Amino acid sequence: MDTEAVRSFVRAAELGQLQQAADELGVTQQAVSKRIAALERELEVRLFTRTARGVELTLDGQAFLPHARSIVAGADRAVTAVKPGSRALRIDVLGLRSAQAVVLHEYWRSHPGTDLDVVTLRVDDPHVAAAAVQAGDVDASFRTVTDPGTLPPDVQMIHAFDSPAELLVGPRHPLAAARTLTPSQLRRLRIWVPGIVPRSEWGEFYDELAGAFDLRIDATGPNFGNEVLLDALADSADVATLVGVRDRYLWPAGHDLRRIPIVNPVIAYPLHLLLPRASPHPGLRAIIEYFAGVSPLLDSVWLPSWAPAPRRSHRL
């Protein structure tokens, strides 16, 4: 469908005059008439009737108008999204319910005028995300390259904040009533994290975590999504999983799942941001400063070997 024809229809409908619509669009009245006529042929309906005062919408035109406005608005957003120097700040997150997205949402709520586009590249290899940053497809990506020496020279990685872990269990699990847990209490548990990709940043994190505390991290089976995992936890008396404190999970009330903090030490995942070394998007500075204000961890903390030392002042 010709979006300029749809735009001509919308302005003519709103102004009631083909000439006024043509003046606004910077074309002739004849061009507007031809565009609308072509649109009517494509839709196989009449959109306007002519009157002494101009044009009026037919019933079909009235039905089409709100959809036409959506088409025009969508086309304008699409152009803005790729126009150099004008598109929104585009940041890649692991998922829209992840801690990264939650903190970005907190930032946006406190800065509602920010033109922010949160996307998910849906890639497991952080080097693919780094290539997207390098190419300008995204302005920044919440990914960790555990060997920074393998990053492209024009992409940098900075520490954003640390995400503490909690144990998530169902109501029949033997630890369901615990208020807090230490890593040593997790040693004989089956901690099910399906779909861990070998040599991914998450794969390396869980490998180090299992080695540090002699944990049983079970990655068997494909990842069918959070809903399937939550259903399994609700039905099980021995399966648990690890989730981030800020990660958002939704489950039916009947599941009665329990999130239990892990302490002494806190287990934390270090979140980093990949961004260009030169000429980063101007909107990134304020967001990075906001990350610096995310409350650091107070208690003793375990982090993987490739993480920076945690900041400590008060609890999350």
# chains A, B, ... in the order shown; residues from 1 in each chain; ligands from 1
>>> closest_atom_pairs(of="region 111-171 of chain A", to="region 299-306 of chain A", cutoff="9 Å", atoms="only C-alpha atoms", output="Markdown table")
| residue | atom | partner | partner_atom | distance |
| --- | --- | --- | --- | --- |
| A:Thr146 | CA | A:Trp306 | CA | 5.9 |
| A:Asp147 | CA | A:Trp306 | CA | 7.8 |
| A:Asp162 | CA | A:Leu303 | CA | 8.8 |
| A:Pro164 | CA | A:Val301 | CA | 8.7 |
>>> atom_distance(atom1="CA of Val266 (chain A)", atom2="CA of Leu168 (chain A)")
15.0 Å
>>> residues_around(residues="Ala22 (chain A)", least_positions_apart="4", cutoff="8 Å", atoms="only C-alpha atoms", output="ChimeraX atom specification")
/A:8,18,26-29,31-32
>>> closest_residue(among="A:Glu4, A:Glu208, A:Asp92, A:Glu106", to="Leu25 (chain A)", atoms="only C-alpha atoms")
A:Glu4
>>> select_by_dssp(residues="region 63-199 of chain A", states="strand (DSSP E)", output="mmCIF file with N, CA, C and O atoms, in the first residue's frame")
data_model
loop_
_atom_site.group_PDB
_atom_site.id
_atom_site.type_symbol
_atom_site.label_atom_id
_atom_site.label_comp_id
_atom_site.auth_asym_id
_atom_site.auth_seq_id
_atom_site.Cartn_x
_atom_site.Cartn_y
_atom_site.Cartn_z
ATOM 1 N N LEU A 89 17.655 6.306 21.157
ATOM 2 C CA LEU A 89 18.757 5.544 21.727
ATOM 3 C C LEU A 89 18.337 4.079 21.795
ATOM 4 O O LEU A 89 17.351 3.735 22.437
ATOM 5 N N ARG A 90 19.070 3.213 21.117
ATOM 6 C CA ARG A 90 18.694 1.805 20.983
ATOM 7 C C ARG A 90 19.637 0.944 21.811
ATOM 8 O O ARG A 90 20.834 0.887 21.547
ATOM 9 N N ILE A 91 19.082 0.265 22.841
ATOM 10 C CA ILE A 91 19.891 -0.561 23.742
ATOM 11 C C ILE A 91 19.370 -1.993 23.720
ATOM 12 O O ILE A 91 18.172 -2.233 23.869
ATOM 13 N N ASP A 92 20.292 -2.921 23.544
ATOM 14 C CA ASP A 92 19.965 -4.344 23.520
ATOM 15 C C ASP A 92 20.011 -4.911 24.935
ATOM 16 O O ASP A 92 20.963 -4.672 25.689
ATOM 17 N N LEU A 116 13.870 6.372 23.968
ATOM 18 C CA LEU A 116 14.596 5.132 24.229
ATOM 19 C C LEU A 116 13.924 3.973 23.505
ATOM 20 O O LEU A 116 12.710 3.812 23.547
ATOM 21 N N ASP A 117 14.739 3.166 22.833
ATOM 22 C CA ASP A 117 14.249 1.991 22.125
ATOM 23 C C ASP A 117 14.963 0.768 22.705
ATOM 24 O O ASP A 117 16.157 0.578 22.488
ATOM 25 N N VAL A 118 14.242 -0.055 23.463
ATOM 26 C CA VAL A 118 14.814 -1.242 24.094
ATOM 27 C C VAL A 118 14.535 -2.436 23.192
ATOM 28 O O VAL A 118 13.376 -2.721 22.872
ATOM 29 N N VAL A 119 15.593 -3.129 22.773
ATOM 30 C CA VAL A 119 15.452 -4.236 21.834
ATOM 31 C C VAL A 119 16.136 -5.478 22.400
ATOM 32 O O VAL A 119 16.916 -5.400 23.354
ATOM 33 N N ALA A 140 24.143 0.356 22.189
ATOM 34 C CA ALA A 140 24.786 -0.304 23.321
ATOM 35 C C ALA A 140 24.115 -1.654 23.525
ATOM 36 O O ALA A 140 22.964 -1.854 23.118
ATOM 37 N N SER A 141 24.843 -2.567 24.152
ATOM 38 C CA SER A 141 24.307 -3.910 24.382
ATOM 39 C C SER A 141 24.724 -4.385 25.767
ATOM 40 O O SER A 141 25.881 -4.269 26.148
ATOM 41 N N VAL A 155 35.115 -1.022 19.978
ATOM 42 C CA VAL A 155 34.033 -1.287 20.921
ATOM 43 C C VAL A 155 34.631 -1.451 22.306
ATOM 44 O O VAL A 155 35.625 -2.153 22.489
ATOM 45 N N GLN A 156 34.039 -0.803 23.295
ATOM 46 C CA GLN A 156 34.504 -0.922 24.676
ATOM 47 C C GLN A 156 33.449 -1.581 25.539
ATOM 48 O O GLN A 156 32.264 -1.607 25.190
ATOM 49 N N MET A 157 33.880 -2.114 26.676
ATOM 50 C CA MET A 157 32.964 -2.742 27.628
ATOM 51 C C MET A 157 33.151 -2.071 28.975
ATOM 52 O O MET A 157 34.271 -1.979 29.481
ATOM 53 N N ILE A 158 32.049 -1.585 29.548
ATOM 54 C CA ILE A 158 32.103 -0.951 30.859
ATOM 55 C C ILE A 158 31.177 -1.701 31.816
ATOM 56 O O ILE A 158 30.205 -2.315 31.406
ATOM 57 N N HIS A 159 31.518 -1.645 33.098
ATOM 58 C CA HIS A 159 30.693 -2.283 34.119
ATOM 59 C C HIS A 159 29.452 -1.434 34.365
ATOM 60 O O HIS A 159 29.545 -0.214 34.547
ATOM 61 N N ALA A 160 28.281 -2.056 34.347
ATOM 62 C CA ALA A 160 27.033 -1.331 34.607
ATOM 63 C C ALA A 160 26.625 -1.489 36.069
ATOM 64 O O ALA A 160 26.660 -0.536 36.842
ATOM 65 N N PHE A 161 26.236 -2.685 36.467
ATOM 66 C CA PHE A 161 25.907 -2.957 37.867
ATOM 67 C C PHE A 161 25.905 -4.464 38.064
ATOM 68 O O PHE A 161 25.977 -5.231 37.103
ATOM 69 N N ASP A 162 25.837 -4.884 39.336
ATOM 70 C CA ASP A 162 25.842 -6.306 39.668
ATOM 71 C C ASP A 162 24.435 -6.751 40.046
ATOM 72 O O ASP A 162 23.714 -6.044 40.742
ATOM 73 N N SER A 163 24.060 -7.951 39.597
ATOM 74 C CA SER A 163 22.725 -8.473 39.827
ATOM 75 C C SER A 163 22.782 -9.664 40.781
ATOM 76 O O SER A 163 23.229 -10.748 40.383
ATOM 77 N N PRO A 164 22.374 -9.509 42.048
ATOM 78 C CA PRO A 164 22.397 -10.623 43.002
ATOM 79 C C PRO A 164 21.418 -11.725 42.600
ATOM 80 O O PRO A 164 20.387 -11.466 41.967
ATOM 81 N N ALA A 165 21.738 -12.937 42.988
ATOM 82 C CA ALA A 165 20.899 -14.095 42.658
ATOM 83 C C ALA A 165 20.037 -14.504 43.846
ATOM 84 O O ALA A 165 20.405 -14.308 45.004
ATOM 85 N N GLU A 166 18.887 -15.073 43.538
ATOM 86 C CA GLU A 166 18.001 -15.675 44.528
ATOM 87 C C GLU A 166 17.694 -17.104 44.088
ATOM 88 O O GLU A 166 17.764 -17.426 42.890
ATOM 89 N N LEU A 167 17.343 -17.937 45.046
ATOM 90 C CA LEU A 167 16.883 -19.283 44.717
ATOM 91 C C LEU A 167 15.365 -19.236 44.561
ATOM 92 O O LEU A 167 14.664 -18.678 45.410
ATOM 93 N N LEU A 168 14.869 -19.810 43.478
ATOM 94 C CA LEU A 168 13.429 -19.865 43.225
ATOM 95 C C LEU A 168 12.980 -21.313 43.339
ATOM 96 O O LEU A 168 13.499 -22.192 42.647
ATOM 97 N N VAL A 169 12.004 -21.572 44.244
ATOM 98 C CA VAL A 169 11.537 -22.939 44.492
ATOM 99 C C VAL A 169 10.021 -22.953 44.595
ATOM 100 O O VAL A 169 9.377 -21.917 44.790
ATOM 101 N N ARG A 190 19.355 -29.904 43.241
ATOM 102 C CA ARG A 190 19.343 -29.881 41.787
ATOM 103 C C ARG A 190 18.901 -28.479 41.368
ATOM 104 O O ARG A 190 17.733 -28.103 41.516
ATOM 105 N N ILE A 191 19.852 -27.703 40.875
ATOM 106 C CA ILE A 191 19.561 -26.345 40.402
ATOM 107 C C ILE A 191 19.444 -26.423 38.887
ATOM 108 O O ILE A 191 20.429 -26.588 38.177
ATOM 109 N N TRP A 192 18.205 -26.347 38.418
ATOM 110 C CA TRP A 192 17.922 -26.586 37.004
ATOM 111 C C TRP A 192 17.931 -25.265 36.244
ATOM 112 O O TRP A 192 17.143 -24.367 36.523
#
>>> residues_around(residues="Ser236 (chain A)", least_positions_apart="5", cutoff="12 Å", atoms="only C-alpha atoms", output="PDB file with N, CA, C and O atoms, in the first residue's frame")
ATOM      1  N   LEU A 168      14.869 -19.810  43.478  1.00  0.00           N
ATOM      2  CA  LEU A 168      13.429 -19.865  43.225  1.00  0.00           C
ATOM      3  C   LEU A 168      12.980 -21.313  43.339  1.00  0.00           C
ATOM      4  O   LEU A 168      13.499 -22.192  42.647  1.00  0.00           O
ATOM      5  N   VAL A 169      12.004 -21.572  44.244  1.00  0.00           N
ATOM      6  CA  VAL A 169      11.537 -22.939  44.492  1.00  0.00           C
ATOM      7  C   VAL A 169      10.021 -22.953  44.595  1.00  0.00           C
ATOM      8  O   VAL A 169       9.377 -21.917  44.790  1.00  0.00           O
ATOM      9  N   GLY A 170       9.469 -24.159  44.487  1.00  0.00           N
ATOM     10  CA  GLY A 170       8.046 -24.351  44.669  1.00  0.00           C
ATOM     11  C   GLY A 170       7.697 -24.568  46.136  1.00  0.00           C
ATOM     12  O   GLY A 170       8.576 -24.743  46.985  1.00  0.00           O
ATOM     13  N   PRO A 171       6.404 -24.595  46.482  1.00  0.00           N
ATOM     14  CA  PRO A 171       5.981 -24.680  47.889  1.00  0.00           C
ATOM     15  C   PRO A 171       6.324 -26.013  48.551  1.00  0.00           C
ATOM     16  O   PRO A 171       6.388 -26.080  49.781  1.00  0.00           O
ATOM     17  N   ARG A 172       6.570 -27.079  47.771  1.00  0.00           N
ATOM     18  CA  ARG A 172       6.879 -28.382  48.370  1.00  0.00           C
ATOM     19  C   ARG A 172       8.370 -28.629  48.509  1.00  0.00           C
ATOM     20  O   ARG A 172       8.792 -29.656  49.031  1.00  0.00           O
ATOM     21  N   HIS A 173       9.167 -27.682  48.075  1.00  0.00           N
ATOM     22  CA  HIS A 173      10.625 -27.846  48.182  1.00  0.00           C
ATOM     23  C   HIS A 173      11.045 -27.787  49.652  1.00  0.00           C
ATOM     24  O   HIS A 173      10.489 -27.010  50.431  1.00  0.00           O
ATOM     25  N   PRO A 174      12.029 -28.588  50.079  1.00  0.00           N
ATOM     26  CA  PRO A 174      12.423 -28.580  51.488  1.00  0.00           C
ATOM     27  C   PRO A 174      12.958 -27.239  51.984  1.00  0.00           C
ATOM     28  O   PRO A 174      12.961 -26.998  53.204  1.00  0.00           O
ATOM     29  N   ALA A 176      11.658 -24.295  51.031  1.00  0.00           N
ATOM     30  CA  ALA A 176      10.649 -23.290  50.694  1.00  0.00           C
ATOM     31  C   ALA A 176      10.385 -22.304  51.832  1.00  0.00           C
ATOM     32  O   ALA A 176      10.014 -21.150  51.580  1.00  0.00           O
ATOM     33  N   ARG A 190      19.355 -29.904  43.241  1.00  0.00           N
ATOM     34  CA  ARG A 190      19.343 -29.881  41.787  1.00  0.00           C
ATOM     35  C   ARG A 190      18.901 -28.479  41.368  1.00  0.00           C
ATOM     36  O   ARG A 190      17.733 -28.103  41.516  1.00  0.00           O
ATOM     37  N   ILE A 191      19.852 -27.703  40.875  1.00  0.00           N
ATOM     38  CA  ILE A 191      19.561 -26.345  40.402  1.00  0.00           C
ATOM     39  C   ILE A 191      19.444 -26.423  38.887  1.00  0.00           C
ATOM     40  O   ILE A 191      20.429 -26.588  38.177  1.00  0.00           O
ATOM     41  N   TRP A 192      18.205 -26.347  38.418  1.00  0.00           N
ATOM     42  CA  TRP A 192      17.922 -26.586  37.004  1.00  0.00           C
ATOM     43  C   TRP A 192      17.931 -25.265  36.244  1.00  0.00           C
ATOM     44  O   TRP A 192      17.143 -24.367  36.523  1.00  0.00           O
ATOM     45  N   LEU A 229       9.389 -23.658  32.807  1.00  0.00           N
ATOM     46  CA  LEU A 229      10.266 -23.776  33.973  1.00  0.00           C
ATOM     47  C   LEU A 229       9.497 -23.510  35.261  1.00  0.00           C
ATOM     48  O   LEU A 229       9.618 -24.261  36.246  1.00  0.00           O
ATOM     49  N   LEU A 230       8.670 -22.483  35.288  1.00  0.00           N
ATOM     50  CA  LEU A 230       7.907 -22.148  36.491  1.00  0.00           C
ATOM     51  C   LEU A 230       6.889 -23.233  36.820  1.00  0.00           C
ATOM     52  O   LEU A 230       6.658 -23.555  37.990  1.00  0.00           O
ATOM     53  N   ASP A 231       6.269 -23.809  35.784  1.00  0.00           N
ATOM     54  CA  ASP A 231       5.336 -24.919  36.017  1.00  0.00           C
ATOM     55  C   ASP A 231       6.063 -26.096  36.662  1.00  0.00           C
ATOM     56  O   ASP A 231       5.537 -26.733  37.583  1.00  0.00           O
ATOM     57  N   THR A 241      15.814 -23.273  40.903  1.00  0.00           N
ATOM     58  CA  THR A 241      16.585 -22.553  39.886  1.00  0.00           C
ATOM     59  C   THR A 241      17.076 -21.251  40.485  1.00  0.00           C
ATOM     60  O   THR A 241      16.666 -20.861  41.595  1.00  0.00           O
ATOM     61  N   HIS A 255       0.702 -21.360  41.919  1.00  0.00           N
ATOM     62  CA  HIS A 255       2.051 -21.924  41.939  1.00  0.00           C
ATOM     63  C   HIS A 255       2.731 -21.704  43.296  1.00  0.00           C
ATOM     64  O   HIS A 255       3.539 -22.522  43.720  1.00  0.00           O
ATOM     65  N   ASP A 256       2.459 -20.572  43.925  1.00  0.00           N
ATOM     66  CA  ASP A 256       3.005 -20.267  45.252  1.00  0.00           C
ATOM     67  C   ASP A 256       4.534 -20.434  45.281  1.00  0.00           C
ATOM     68  O   ASP A 256       5.093 -21.020  46.219  1.00  0.00           O
ATOM     69  N   LEU A 257       5.222 -19.919  44.274  1.00  0.00           N
ATOM     70  CA  LEU A 257       6.687 -20.028  44.242  1.00  0.00           C
ATOM     71  C   LEU A 257       7.313 -19.073  45.253  1.00  0.00           C
ATOM     72  O   LEU A 257       6.723 -18.061  45.635  1.00  0.00           O
TER      73      LEU A 257
END
>>> residues_around(residues="Glu56 (chain A)", least_positions_apart="3", cutoff="10 Å", atoms="only C-alpha atoms", output="NGL selection string")
:A and (12-17 or 47-51 or 53 or 59 or 61-62)
>>> residues_around(residues="Arg187 (chain A)", least_positions_apart="6", cutoff="7 Å", atoms="only C-alpha atoms", output="PyMOL selection string")
chain A and resi 214-216
>>> closest_residue(among="A:Asp154, A:Gly254, A:Leu96, A:Thr80", to="Val133 (chain A)", atoms="only C-alpha atoms")
A:Asp154
>>> select_by_dssp(residues="region 73-160 of chain A", states="alpha helix (DSSP H)", output="ChimeraX atom specification")
/A:73-82,99-110,126-135
>>> atom_distance(atom1="CA of Pro153 (chain A)", atom2="CA of Thr114 (chain A)")
29.2 Å
>>> closest_residue(among="A:Ala99, A:Leu65, A:Ala135, A:Val93", to="Thr120 (chain A)", atoms="only C-alpha atoms")
A:Val93
>>> atom_distance(atom1="CA of Gly225 (chain A)", atom2="CA of Ser200 (chain A)")
18.0 Å
>>> closest_residue(among="A:Ser98, A:Asn223, A:Asn264, A:Ser184", to="Tyr249 (chain A)", atoms="only C-alpha atoms")
A:Ser98
>>> residues_around(residues="Asp125 (chain A)", least_positions_apart="5", cutoff="9 Å", atoms="only C-alpha atoms", output="list in words")
Arg143, Val145, Val197, Arg199, Ser200 and Glu201 of chain A
>>> closest_residue(among="A:Gly203, A:Pro148, A:Gly211, A:Pro183", to="His272 (chain A)", atoms="only C-alpha atoms")
A:Pro148
>>> closest_residue(among="A:Asp23, A:Asp2, A:Asp247, A:Glu44", to="Ala68 (chain A)", atoms="only C-alpha atoms")
A:Asp2
>>> decode(residues="region 152-250 of chain A", atoms="C-alpha atoms", output="PDB file, in the first residue's frame")
ATOM      1  CA  PRO A 152      36.716  -5.173  18.227  1.00  0.00           C
ATOM      2  CA  PRO A 153      39.139  -2.279  18.829  1.00  0.00           C
ATOM      3  CA  ASP A 154      36.382   0.308  18.357  1.00  0.00           C
ATOM      4  CA  VAL A 155      34.033  -1.287  20.921  1.00  0.00           C
ATOM      5  CA  GLN A 156      34.504  -0.922  24.676  1.00  0.00           C
ATOM      6  CA  MET A 157      32.964  -2.742  27.628  1.00  0.00           C
ATOM      7  CA  ILE A 158      32.103  -0.951  30.859  1.00  0.00           C
ATOM      8  CA  HIS A 159      30.693  -2.283  34.119  1.00  0.00           C
ATOM      9  CA  ALA A 160      27.033  -1.331  34.607  1.00  0.00           C
ATOM     10  CA  PHE A 161      25.907  -2.957  37.867  1.00  0.00           C
ATOM     11  CA  ASP A 162      25.842  -6.306  39.668  1.00  0.00           C
ATOM     12  CA  SER A 163      22.725  -8.473  39.827  1.00  0.00           C
ATOM     13  CA  PRO A 164      22.397 -10.623  43.002  1.00  0.00           C
ATOM     14  CA  ALA A 165      20.899 -14.095  42.658  1.00  0.00           C
ATOM     15  CA  GLU A 166      18.001 -15.675  44.528  1.00  0.00           C
ATOM     16  CA  LEU A 167      16.883 -19.283  44.717  1.00  0.00           C
ATOM     17  CA  LEU A 168      13.429 -19.865  43.225  1.00  0.00           C
ATOM     18  CA  VAL A 169      11.537 -22.939  44.492  1.00  0.00           C
ATOM     19  CA  GLY A 170       8.046 -24.351  44.669  1.00  0.00           C
ATOM     20  CA  PRO A 171       5.981 -24.680  47.889  1.00  0.00           C
ATOM     21  CA  ARG A 172       6.879 -28.382  48.370  1.00  0.00           C
ATOM     22  CA  HIS A 173      10.625 -27.846  48.182  1.00  0.00           C
ATOM     23  CA  PRO A 174      12.423 -28.580  51.488  1.00  0.00           C
ATOM     24  CA  LEU A 175      13.920 -25.063  51.526  1.00  0.00           C
ATOM     25  CA  ALA A 176      10.649 -23.290  50.694  1.00  0.00           C
ATOM     26  CA  ALA A 177      10.287 -21.849  54.199  1.00  0.00           C
ATOM     27  CA  ALA A 178      13.832 -20.465  54.418  1.00  0.00           C
ATOM     28  CA  ARG A 179      14.196 -16.690  54.731  1.00  0.00           C
ATOM     29  CA  THR A 180      17.784 -16.675  53.439  1.00  0.00           C
ATOM     30  CA  LEU A 181      20.245 -19.294  52.247  1.00  0.00           C
ATOM     31  CA  THR A 182      24.009 -19.553  52.028  1.00  0.00           C
ATOM     32  CA  PRO A 183      25.780 -21.110  49.039  1.00  0.00           C
ATOM     33  CA  SER A 184      26.837 -24.082  51.190  1.00  0.00           C
ATOM     34  CA  GLN A 185      23.144 -24.939  51.739  1.00  0.00           C
ATOM     35  CA  LEU A 186      22.699 -25.308  47.985  1.00  0.00           C
ATOM     36  CA  ARG A 187      25.305 -28.037  47.500  1.00  0.00           C
ATOM     37  CA  ARG A 188      23.051 -31.063  47.297  1.00  0.00           C
ATOM     38  CA  LEU A 189      20.248 -29.360  45.388  1.00  0.00           C
ATOM     39  CA  ARG A 190      19.343 -29.881  41.787  1.00  0.00           C
ATOM     40  CA  ILE A 191      19.561 -26.345  40.402  1.00  0.00           C
ATOM     41  CA  TRP A 192      17.922 -26.586  37.004  1.00  0.00           C
ATOM     42  CA  VAL A 193      18.947 -23.965  34.423  1.00  0.00           C
ATOM     43  CA  PRO A 194      17.904 -25.471  31.071  1.00  0.00           C
ATOM     44  CA  GLY A 195      19.384 -24.302  27.814  1.00  0.00           C
ATOM     45  CA  ILE A 196      22.767 -23.000  29.003  1.00  0.00           C
ATOM     46  CA  VAL A 197      24.833 -22.459  25.854  1.00  0.00           C
ATOM     47  CA  PRO A 198      28.401 -23.788  26.275  1.00  0.00           C
ATOM     48  CA  ARG A 199      31.097 -21.090  26.253  1.00  0.00           C
ATOM     49  CA  SER A 200      28.473 -18.327  26.456  1.00  0.00           C
ATOM     50  CA  GLU A 201      28.890 -15.699  29.148  1.00  0.00           C
ATOM     51  CA  TRP A 202      26.163 -17.413  31.171  1.00  0.00           C
ATOM     52  CA  GLY A 203      27.793 -20.784  30.574  1.00  0.00           C
ATOM     53  CA  GLU A 204      31.094 -19.485  31.940  1.00  0.00           C
ATOM     54  CA  PHE A 205      29.334 -17.901  34.920  1.00  0.00           C
ATOM     55  CA  TYR A 206      27.631 -21.148  35.931  1.00  0.00           C
ATOM     56  CA  ASP A 207      30.807 -23.171  35.359  1.00  0.00           C
ATOM     57  CA  GLU A 208      32.729 -20.950  37.775  1.00  0.00           C
ATOM     58  CA  LEU A 209      29.839 -20.849  40.246  1.00  0.00           C
ATOM     59  CA  ALA A 210      29.535 -24.649  40.338  1.00  0.00           C
ATOM     60  CA  GLY A 211      33.270 -25.003  40.855  1.00  0.00           C
ATOM     61  CA  ALA A 212      33.460 -22.374  43.586  1.00  0.00           C
ATOM     62  CA  PHE A 213      30.709 -23.862  45.773  1.00  0.00           C
ATOM     63  CA  ASP A 214      30.495 -27.476  44.576  1.00  0.00           C
ATOM     64  CA  LEU A 215      26.981 -26.896  43.219  1.00  0.00           C
ATOM     65  CA  ARG A 216      24.960 -29.140  40.956  1.00  0.00           C
ATOM     66  CA  ILE A 217      23.935 -26.987  38.009  1.00  0.00           C
ATOM     67  CA  ASP A 218      21.698 -29.058  35.729  1.00  0.00           C
ATOM     68  CA  ALA A 219      21.478 -27.671  32.182  1.00  0.00           C
ATOM     69  CA  THR A 220      19.799 -30.735  30.647  1.00  0.00           C
ATOM     70  CA  GLY A 221      16.889 -30.356  28.265  1.00  0.00           C
ATOM     71  CA  PRO A 222      15.941 -27.591  25.839  1.00  0.00           C
ATOM     72  CA  ASN A 223      14.784 -24.228  27.118  1.00  0.00           C
ATOM     73  CA  PHE A 224      11.028 -24.120  26.478  1.00  0.00           C
ATOM     74  CA  GLY A 225      10.691 -20.722  28.160  1.00  0.00           C
ATOM     75  CA  ASN A 226      10.009 -19.362  31.617  1.00  0.00           C
ATOM     76  CA  GLU A 227       6.418 -20.595  31.772  1.00  0.00           C
ATOM     77  CA  VAL A 228       7.472 -24.237  31.437  1.00  0.00           C
ATOM     78  CA  LEU A 229      10.266 -23.776  33.973  1.00  0.00           C
ATOM     79  CA  LEU A 230       7.907 -22.148  36.491  1.00  0.00           C
ATOM     80  CA  ASP A 231       5.336 -24.919  36.017  1.00  0.00           C
ATOM     81  CA  ALA A 232       8.038 -27.512  36.720  1.00  0.00           C
ATOM     82  CA  LEU A 233       9.134 -25.728  39.898  1.00  0.00           C
ATOM     83  CA  ALA A 234       5.557 -25.515  41.167  1.00  0.00           C
ATOM     84  CA  ASP A 235       5.057 -29.260  40.698  1.00  0.00           C
ATOM     85  CA  SER A 236       8.423 -30.407  42.069  1.00  0.00           C
ATOM     86  CA  ALA A 237       9.652 -31.183  45.571  1.00  0.00           C
ATOM     87  CA  ASP A 238      13.337 -31.182  44.657  1.00  0.00           C
ATOM     88  CA  VAL A 239      13.990 -28.837  41.709  1.00  0.00           C
ATOM     89  CA  ALA A 240      15.158 -25.230  42.152  1.00  0.00           C
ATOM     90  CA  THR A 241      16.585 -22.553  39.886  1.00  0.00           C
ATOM     91  CA  LEU A 242      18.502 -19.298  40.220  1.00  0.00           C
ATOM     92  CA  VAL A 243      17.020 -15.931  39.251  1.00  0.00           C
ATOM     93  CA  GLY A 244      18.172 -12.338  39.532  1.00  0.00           C
ATOM     94  CA  VAL A 245      16.768 -10.102  42.249  1.00  0.00           C
ATOM     95  CA  ARG A 246      15.505  -7.595  39.675  1.00  0.00           C
ATOM     96  CA  ASP A 247      14.409 -10.150  37.075  1.00  0.00           C
ATOM     97  CA  ARG A 248      10.635 -10.161  36.636  1.00  0.00           C
ATOM     98  CA  TYR A 249       8.833 -13.489  36.649  1.00  0.00           C
ATOM     99  CA  LEU A 250       5.073 -13.904  36.528  1.00  0.00           C
TER     100      LEU A 250
END
